[in-house]
Amino acid sequence: MSHIMIAILVSGGLFSFLAVIMVIADNTIADYGEVKITVNNDEELKVEGGKPLLKTLMEEDIFIPSACGGRGSCGLCKVKVNTDIGGYLPTETPWIEEEEQKENIRLSCQIKVKQDVEIEIPEEYLNVKEFETKVAGIRDLTHDIKEITLKLIEPETIEFKAGQFIQLRVPEYKLTDEPVYRAYSMASSPSRKNEIELEIRYVPEGICTTYAHNYLKEGDKVIINGPYGEFYLRDNDRDIIFIAGGSGMAPIKSIITFMAEENIQRKAKYFFGARSQKDLFLVDRMKEFEEKLSNFEFVPALSDPEENSNWEGETGLITEIVDKYLESGENKEAYLCGSPGMIKACVEVLTDNGIPDELIYFDEFG
Amino acid sequence: MNFLSAFAIFFAAIFTNNILLTNYLGMCSFLAVSRKVDTSVGLGLAVTFVMTFTSAINWLVYHFILTPLDLVYLRYIIFIVIIAAFVQLVEMIIERVSDILYASLGIFLPLITVNCSILGVSLFMVIRDYTFINSIAYGLGSGIGWFLAIIAMAGIREKMDRSRIPNGLEGAGIALIIAGIMAMAFVGFSGMLNLS
C-alpha cells in the first residue's frame, strides 16, 4: 500500500514540478506581452503575443483561407508582412516563390507574432467567417443542377451582399484524400440570414460536384467559409443587364430577390442562356419577380430548343439575343455569371454596344 | 568510470551501434526531413543536443529518485514527460533568444519530442547500466550518429532527385531501401567494437 502511495507521490511530484517550471517559463520566457497587429494600415488589433499569426488572426475573427488548418502542408495562408520579423523558416520556403519572398509574403501559420507587426490582407478577408451548417434540403432544378439549402448552425446568421460567394469544404471521400474547398455563389437573398441556397451543377469527376450530387444527404454537416467576392449590385440608378448561363443563375437570382425585397425599381433585363427546355429552371420564380418589379424583364434564350415543341421564347446564342435587345449602352451596367467562354463573348458584345469595361461586373466559373 | 570506456561508448554509439541504423529508432523524422541537406543539419543538431541533455537529466532522475524508491518501473512514463518538458523549454528559450537559431534548429524541436530514438537512448543507458559520464558520452555519440546518418541520407536523396526511380518506389520506398543498405554498411564497423 505504502509503495503505491510513494509511486503516486513521486510521479505526481515530478510532474507537478515540471508543470510549475513550464508555467513559469510560459509566463517569463514565452511571454511576449500584448502586441499590436496593424491590418492594412488601418485596423489595429491588440493581441497576446507568441502564437502563430494564422491562429492569432483567427481568434480575432479574421479568417485567412487555409485548407490544412495550420500544419504548413497546404501553403494557402499567405499574408504580406511589412515588418521585418526575421528570415524565412524551412517550413515556409517550399510554399513561397522567390518573387513572393521579395514582397515579404509569409506563411501565416508558421510565423509567430512576437512583436508589433504590420500586415496586409485582401479587404474581403476582414468579413470572412467559418460557419458550421446542416443540409436542410436538396432538390433538382434541372437534370444536372441541384439546389442545396444549408441551414447555419454556428454562427447562426451570415451577413453578405447579394451576389457574393462562399467556399464549401468537401471532406475526404472517394475522389479526394484531403479536404478541398470550392467556391459557390449564394442563390438566396441576404435577408435570409439563417440559411443559404447554393446551385451546384454536376460535372463528371468533379470533386465537389460529385460530392454534392451523389454523397450529400439531408441532415449532413457541411463547413463553409465566406463571404467573398466583388460581384454584387452597385448602388446607383443605371439600367441593369444581367446575363447568366446554367448555375450562373445563382448570384443573379440572389441579386434580383434582393431587389424585389428592397423594392429597387431600376430598369433591368435578365438574359438567361440554356441549350434546351430541360436546362431551364426557376422560370416561374422569374415571372413572379416580373410582376413585383415592373421594370424587370426575364429573357430566357434557348440555343437548341427541342424539336416539335412550342417554344415561344427567344432562340439563338445568348450573345445574339443580348445584341438584339440592347439598344444602346448608355446609362447601363452589366452583371455576368457563367463559363469563361460565355463571359468573354458577352463582354465583347456589351463593349461593342458602348458599355464601358468598368461597368461590366462578372463572376467567372473557375 | 574510466575515460577510455566513455570514449569507447561514444565511438561505438556513432559507428558500430548507430541508434538509427542498427536499432532503427527515430525513423519517422529521419524519413520526413531528409530531403535537403541544410534542413537535416538543423534537425540533426537538435537531436544531438536534446539526446545529450535528456540522457544526463534522465540518468540523475533514475539513479537519485527512481532507484532509491524502488520505482524503476515508472521510468518509461517519467522519461517521456521529462523529454517533452525539456524539449518544450528549449524551444521557448531558443525562440526568445535568436531568430536565426530558431529558424535553423528550433523549428524542429516539436518534431523530436516524439522521436523514439531520444527515449531509446535513455532506456538503453539504463539497461546497460552506464555511469553518469558514460551516459552523457552515449547520448552525445548517439546524437552525432543520428546526425551523421540523416545528412548522409539527405545527400543521397538530393542526388536522387535527378535520377530515375522505378514507379512505386518513389519517396519513402526508395528511402527505406537506401537506409537498409546504409545499415548494412554500418554493420561492417561492428567488428571494431560492440556494445551490448
# chains A, B, ... in the order shown; residues from 1 in each chain; ligands from 1
call {"tool": "residues_around", "arguments": {"residues": "B:Tyr24", "least_positions_apart": "2", "cutoff": "10 Å", "atoms": "only C-alpha atoms", "output": "list in words"}}
result
Asn18, Ile19, Leu20, Leu21, Thr22, Gly26, Met27, Cys28, Phe30, Cys116, Ser117, Ala179, Gly180 and Ala183 of chain B
call {"tool": "write_last_selection", "arguments": {"atoms": "N, CA, C and O atoms", "output": "CSV table (one decimal), in the first residue's frame"}}
result
chain,number,residue,atom,x,y,z
B,18,ASN,N,25.1,2.5,-34.1
B,18,ASN,CA,24.3,3.7,-34.5
B,18,ASN,C,22.8,3.5,-34.2
B,18,ASN,O,22.2,2.5,-34.7
B,19,ILE,N,22.2,4.4,-33.4
B,19,ILE,CA,20.9,4.2,-33.0
B,19,ILE,C,19.9,4.1,-34.1
B,19,ILE,O,18.9,3.4,-34.1
B,20,LEU,N,20.2,4.9,-35.2
B,20,LEU,CA,19.2,4.9,-36.3
B,20,LEU,C,19.4,3.6,-37.2
B,20,LEU,O,18.5,3.0,-37.6
B,21,LEU,N,20.7,3.3,-37.5
B,21,LEU,CA,20.9,2.3,-38.5
B,21,LEU,C,21.0,0.9,-37.9
B,21,LEU,O,20.9,-0.1,-38.7
B,22,THR,N,21.3,0.8,-36.6
B,22,THR,CA,21.3,-0.6,-36.1
B,22,THR,C,20.1,-0.9,-35.3
B,22,THR,O,19.6,-2.0,-35.3
B,26,GLY,N,13.9,6.3,-34.4
B,26,GLY,CA,13.9,7.7,-34.9
B,26,GLY,C,13.7,7.7,-36.4
B,26,GLY,O,14.1,8.7,-37.1
B,27,MET,N,13.0,6.7,-36.9
B,27,MET,CA,12.8,6.6,-38.4
B,27,MET,C,11.9,7.7,-38.9
B,27,MET,O,12.1,8.1,-40.1
B,28,CYS,N,10.8,8.0,-38.2
B,28,CYS,CA,9.8,8.9,-38.9
B,28,CYS,C,10.3,10.2,-39.2
B,28,CYS,O,10.2,10.7,-40.4
B,30,PHE,N,13.4,10.9,-39.5
B,30,PHE,CA,14.6,10.6,-40.4
B,30,PHE,C,14.1,10.6,-41.9
B,30,PHE,O,14.6,11.2,-42.8
B,116,CYS,N,11.4,8.5,-31.2
B,116,CYS,CA,11.6,7.4,-30.3
B,116,CYS,C,13.1,7.2,-30.0
B,116,CYS,O,13.4,6.6,-29.0
B,117,SER,N,14.0,7.7,-30.9
B,117,SER,CA,15.4,7.4,-30.6
B,117,SER,C,15.9,8.2,-29.3
B,117,SER,O,16.7,7.7,-28.6
B,179,ALA,N,18.2,3.3,-46.7
B,179,ALA,CA,18.5,3.2,-45.2
B,179,ALA,C,19.0,1.8,-44.9
B,179,ALA,O,19.9,1.5,-44.1
B,180,GLY,N,18.4,0.8,-45.5
B,180,GLY,CA,18.7,-0.6,-45.3
B,180,GLY,C,20.2,-0.9,-45.8
B,180,GLY,O,21.0,-1.5,-45.0
B,183,ALA,N,22.5,0.7,-43.5
B,183,ALA,CA,22.6,-0.1,-42.2
B,183,ALA,C,23.6,-1.2,-42.4
B,183,ALA,O,24.4,-1.5,-41.5
call {"tool": "interface_residues", "arguments": {"of": "chain B", "to": "chain A", "cutoff": "10 Å", "atoms": "only C-alpha atoms", "output": "number ranges by chain"}}
result
B: 38-39, 42, 61, 65-66, 69-75, 77-78, 81-82, 84-86, 88-89, 91-100, 102-105, 107-108
call {"tool": "closest_residue", "arguments": {"among": "B:Leu45, B:Val87, B:Val121, B:Ala152", "to": "B:Ala137", "atoms": "only C-alpha atoms"}}
result
B:Val121
call {"tool": "atom_distance", "arguments": {"atom1": "atom CA of A:Leu45", "atom2": "atom CA of A:Tyr228"}}
result
22.0 Å
call {"tool": "residues_around", "arguments": {"residues": "stretch 236-241 of chain A", "least_positions_apart": "5", "cutoff": "12 Å", "atoms": "only C-alpha atoms", "output": "PyMOL selection string"}}
result
chain A and resi 252+255-256+259+264-272+295-299+322-323+325-337+346-347+350+355+359-362
call {"tool": "write_last_selection", "arguments": {"atoms": "C-alpha atoms", "output": "PDB file, in the first residue's frame"}}
result
ATOM      1  CA  ILE A 252     -28.172  36.789 -60.221  1.00  0.00           C
ATOM      2  CA  ILE A 255     -29.477  39.976 -56.536  1.00  0.00           C
ATOM      3  CA  ILE A 256     -32.966  40.019 -58.107  1.00  0.00           C
ATOM      4  CA  MET A 259     -34.140  43.966 -55.477  1.00  0.00           C
ATOM      5  CA  ILE A 264     -35.474  48.605 -56.139  1.00  0.00           C
ATOM      6  CA  GLN A 265     -37.353  49.589 -59.287  1.00  0.00           C
ATOM      7  CA  ARG A 266     -34.361  50.043 -61.584  1.00  0.00           C
ATOM      8  CA  LYS A 267     -34.841  49.076 -65.197  1.00  0.00           C
ATOM      9  CA  ALA A 268     -33.410  45.591 -65.553  1.00  0.00           C
ATOM     10  CA  LYS A 269     -33.233  42.831 -68.178  1.00  0.00           C
ATOM     11  CA  TYR A 270     -32.109  39.330 -67.348  1.00  0.00           C
ATOM     12  CA  PHE A 271     -30.838  37.203 -70.239  1.00  0.00           C
ATOM     13  CA  PHE A 272     -30.576  33.547 -69.336  1.00  0.00           C
ATOM     14  CA  ASN A 295     -39.236  47.406 -64.803  1.00  0.00           C
ATOM     15  CA  PHE A 296     -37.763  43.913 -64.711  1.00  0.00           C
ATOM     16  CA  GLU A 297     -37.872  41.561 -67.666  1.00  0.00           C
ATOM     17  CA  PHE A 298     -36.702  37.949 -67.845  1.00  0.00           C
ATOM     18  CA  VAL A 299     -35.493  36.811 -71.263  1.00  0.00           C
ATOM     19  CA  VAL A 322     -28.290  40.282 -75.972  1.00  0.00           C
ATOM     20  CA  ASP A 323     -27.168  42.138 -79.068  1.00  0.00           C
ATOM     21  CA  TYR A 325     -32.264  43.611 -77.212  1.00  0.00           C
ATOM     22  CA  LEU A 326     -29.558  46.128 -76.447  1.00  0.00           C
ATOM     23  CA  GLU A 327     -30.473  49.433 -77.970  1.00  0.00           C
ATOM     24  CA  SER A 328     -27.539  51.407 -76.645  1.00  0.00           C
ATOM     25  CA  GLY A 329     -25.040  51.058 -73.864  1.00  0.00           C
ATOM     26  CA  GLU A 330     -25.851  54.442 -72.409  1.00  0.00           C
ATOM     27  CA  ASN A 331     -26.509  54.599 -68.664  1.00  0.00           C
ATOM     28  CA  LYS A 332     -26.288  50.828 -68.336  1.00  0.00           C
ATOM     29  CA  GLU A 333     -24.233  48.433 -66.260  1.00  0.00           C
ATOM     30  CA  ALA A 334     -23.978  44.687 -66.641  1.00  0.00           C
ATOM     31  CA  TYR A 335     -23.626  41.679 -64.309  1.00  0.00           C
ATOM     32  CA  LEU A 336     -22.482  38.416 -65.843  1.00  0.00           C
ATOM     33  CA  CYS A 337     -22.125  34.954 -64.407  1.00  0.00           C
ATOM     34  CA  CYS A 346     -20.777  38.556 -73.873  1.00  0.00           C
ATOM     35  CA  VAL A 347     -18.296  41.179 -72.678  1.00  0.00           C
ATOM     36  CA  LEU A 350     -21.540  44.627 -74.403  1.00  0.00           C
ATOM     37  CA  ILE A 355     -20.961  49.781 -72.168  1.00  0.00           C
ATOM     38  CA  LEU A 359     -19.297  48.923 -65.631  1.00  0.00           C
ATOM     39  CA  ILE A 360     -19.254  45.255 -66.581  1.00  0.00           C
ATOM     40  CA  TYR A 361     -19.043  43.067 -63.499  1.00  0.00           C
ATOM     41  CA  PHE A 362     -18.615  39.356 -63.820  1.00  0.00           C
TER      42      PHE A 362
END
call {"tool": "atom_distance", "arguments": {"atom1": "atom CA of A:Thr149", "atom2": "atom CA of A:Ala187"}}
result
9.5 Å
call {"tool": "residues_around", "arguments": {"residues": "A:Glu199", "least_positions_apart": "5", "cutoff": "9 Å", "atoms": "only C-alpha atoms", "output": "list in words"}}
result
Leu141, Ile145, Lys146, Glu147, Ile148, Thr149, Tyr184, Ser185, Met186, Ala187, Ser247, Gly248, Met249 and Ala250 of chain A
call {"tool": "decode", "arguments": {"residues": "stretch 10-75 of chain A", "atoms": "C-alpha atoms", "output": "mmCIF file, in the first residue's frame"}}
result
data_model
loop_
_atom_site.group_PDB
_atom_site.id
_atom_site.type_symbol
_atom_site.label_atom_id
_atom_site.label_comp_id
_atom_site.auth_asym_id
_atom_site.auth_seq_id
_atom_site.Cartn_x
_atom_site.Cartn_y
_atom_site.Cartn_z
ATOM 1 C CA VAL A 10 6.881 10.641 -6.743
ATOM 2 C CA SER A 11 5.291 10.753 -10.161
ATOM 3 C CA GLY A 12 2.797 13.381 -9.038
ATOM 4 C CA GLY A 13 5.610 15.411 -7.517
ATOM 5 C CA LEU A 14 7.814 15.145 -10.562
ATOM 6 C CA PHE A 15 5.033 16.042 -12.945
ATOM 7 C CA SER A 16 3.900 18.984 -10.841
ATOM 8 C CA PHE A 17 7.485 20.197 -10.597
ATOM 9 C CA LEU A 18 7.815 20.084 -14.379
ATOM 10 C CA ALA A 19 4.402 21.691 -14.779
ATOM 11 C CA VAL A 20 5.415 24.526 -12.477
ATOM 12 C CA ILE A 21 8.609 25.043 -14.467
ATOM 13 C CA MET A 22 6.574 25.118 -17.682
ATOM 14 C CA VAL A 23 4.113 27.615 -16.249
ATOM 15 C CA ILE A 24 6.939 29.834 -15.070
ATOM 16 C CA ALA A 25 8.646 29.555 -18.446
ATOM 17 C CA ASP A 26 5.398 30.277 -20.210
ATOM 18 C CA ASN A 27 4.983 33.448 -18.225
ATOM 19 C CA THR A 28 8.563 34.635 -18.469
ATOM 20 C CA ILE A 29 10.445 33.243 -21.452
ATOM 21 C CA ALA A 30 7.479 32.770 -23.733
ATOM 22 C CA ASP A 31 5.575 35.821 -22.591
ATOM 23 C CA TYR A 32 5.722 38.396 -25.308
ATOM 24 C CA GLY A 33 3.107 40.533 -23.667
ATOM 25 C CA GLU A 34 0.499 42.360 -25.617
ATOM 26 C CA VAL A 35 1.494 43.114 -29.180
ATOM 27 C CA LYS A 36 -0.170 45.131 -31.849
ATOM 28 C CA ILE A 37 -1.106 43.855 -35.290
ATOM 29 C CA THR A 38 -1.869 46.577 -37.797
ATOM 30 C CA VAL A 39 -4.051 45.249 -40.589
ATOM 31 C CA ASN A 40 -3.949 47.105 -43.911
ATOM 32 C CA ASN A 41 -2.596 50.275 -42.261
ATOM 33 C CA ASP A 42 -5.960 50.758 -40.723
ATOM 34 C CA GLU A 43 -7.315 48.369 -38.160
ATOM 35 C CA GLU A 44 -5.223 47.837 -35.025
ATOM 36 C CA LEU A 45 -5.582 44.641 -33.077
ATOM 37 C CA LYS A 46 -4.214 44.239 -29.580
ATOM 38 C CA VAL A 47 -3.372 40.576 -29.183
ATOM 39 C CA GLU A 48 -1.464 38.240 -26.931
ATOM 40 C CA GLY A 49 1.965 37.636 -28.461
ATOM 41 C CA GLY A 50 3.784 34.364 -29.062
ATOM 42 C CA LYS A 51 1.258 32.445 -31.131
ATOM 43 C CA PRO A 52 1.206 31.738 -34.869
ATOM 44 C CA LEU A 53 -0.159 34.615 -36.924
ATOM 45 C CA LEU A 54 -2.889 32.497 -38.519
ATOM 46 C CA LYS A 55 -4.215 31.397 -35.145
ATOM 47 C CA THR A 56 -3.932 34.865 -33.662
ATOM 48 C CA LEU A 57 -5.912 36.331 -36.534
ATOM 49 C CA MET A 58 -8.498 33.571 -36.263
ATOM 50 C CA GLU A 59 -9.018 34.415 -32.622
ATOM 51 C CA GLU A 60 -9.687 37.977 -33.752
ATOM 52 C CA ASP A 61 -12.232 36.585 -36.234
ATOM 53 C CA ILE A 62 -10.118 37.257 -39.289
ATOM 54 C CA PHE A 63 -10.055 34.152 -41.455
ATOM 55 C CA ILE A 64 -7.216 33.618 -43.884
ATOM 56 C CA PRO A 65 -8.120 30.809 -46.261
ATOM 57 C CA SER A 66 -6.282 27.680 -45.163
ATOM 58 C CA ALA A 67 -7.031 24.151 -46.183
ATOM 59 C CA CYS A 68 -4.799 22.257 -43.766
ATOM 60 C CA GLY A 69 -5.650 24.147 -40.619
ATOM 61 C CA GLY A 70 -2.184 25.492 -39.839
ATOM 62 C CA ARG A 71 0.041 22.447 -40.305
ATOM 63 C CA GLY A 72 2.030 24.081 -43.074
ATOM 64 C CA SER A 73 1.022 21.493 -45.612
ATOM 65 C CA CYS A 74 -1.287 23.414 -47.937
ATOM 66 C CA GLY A 75 0.574 26.686 -48.452
#
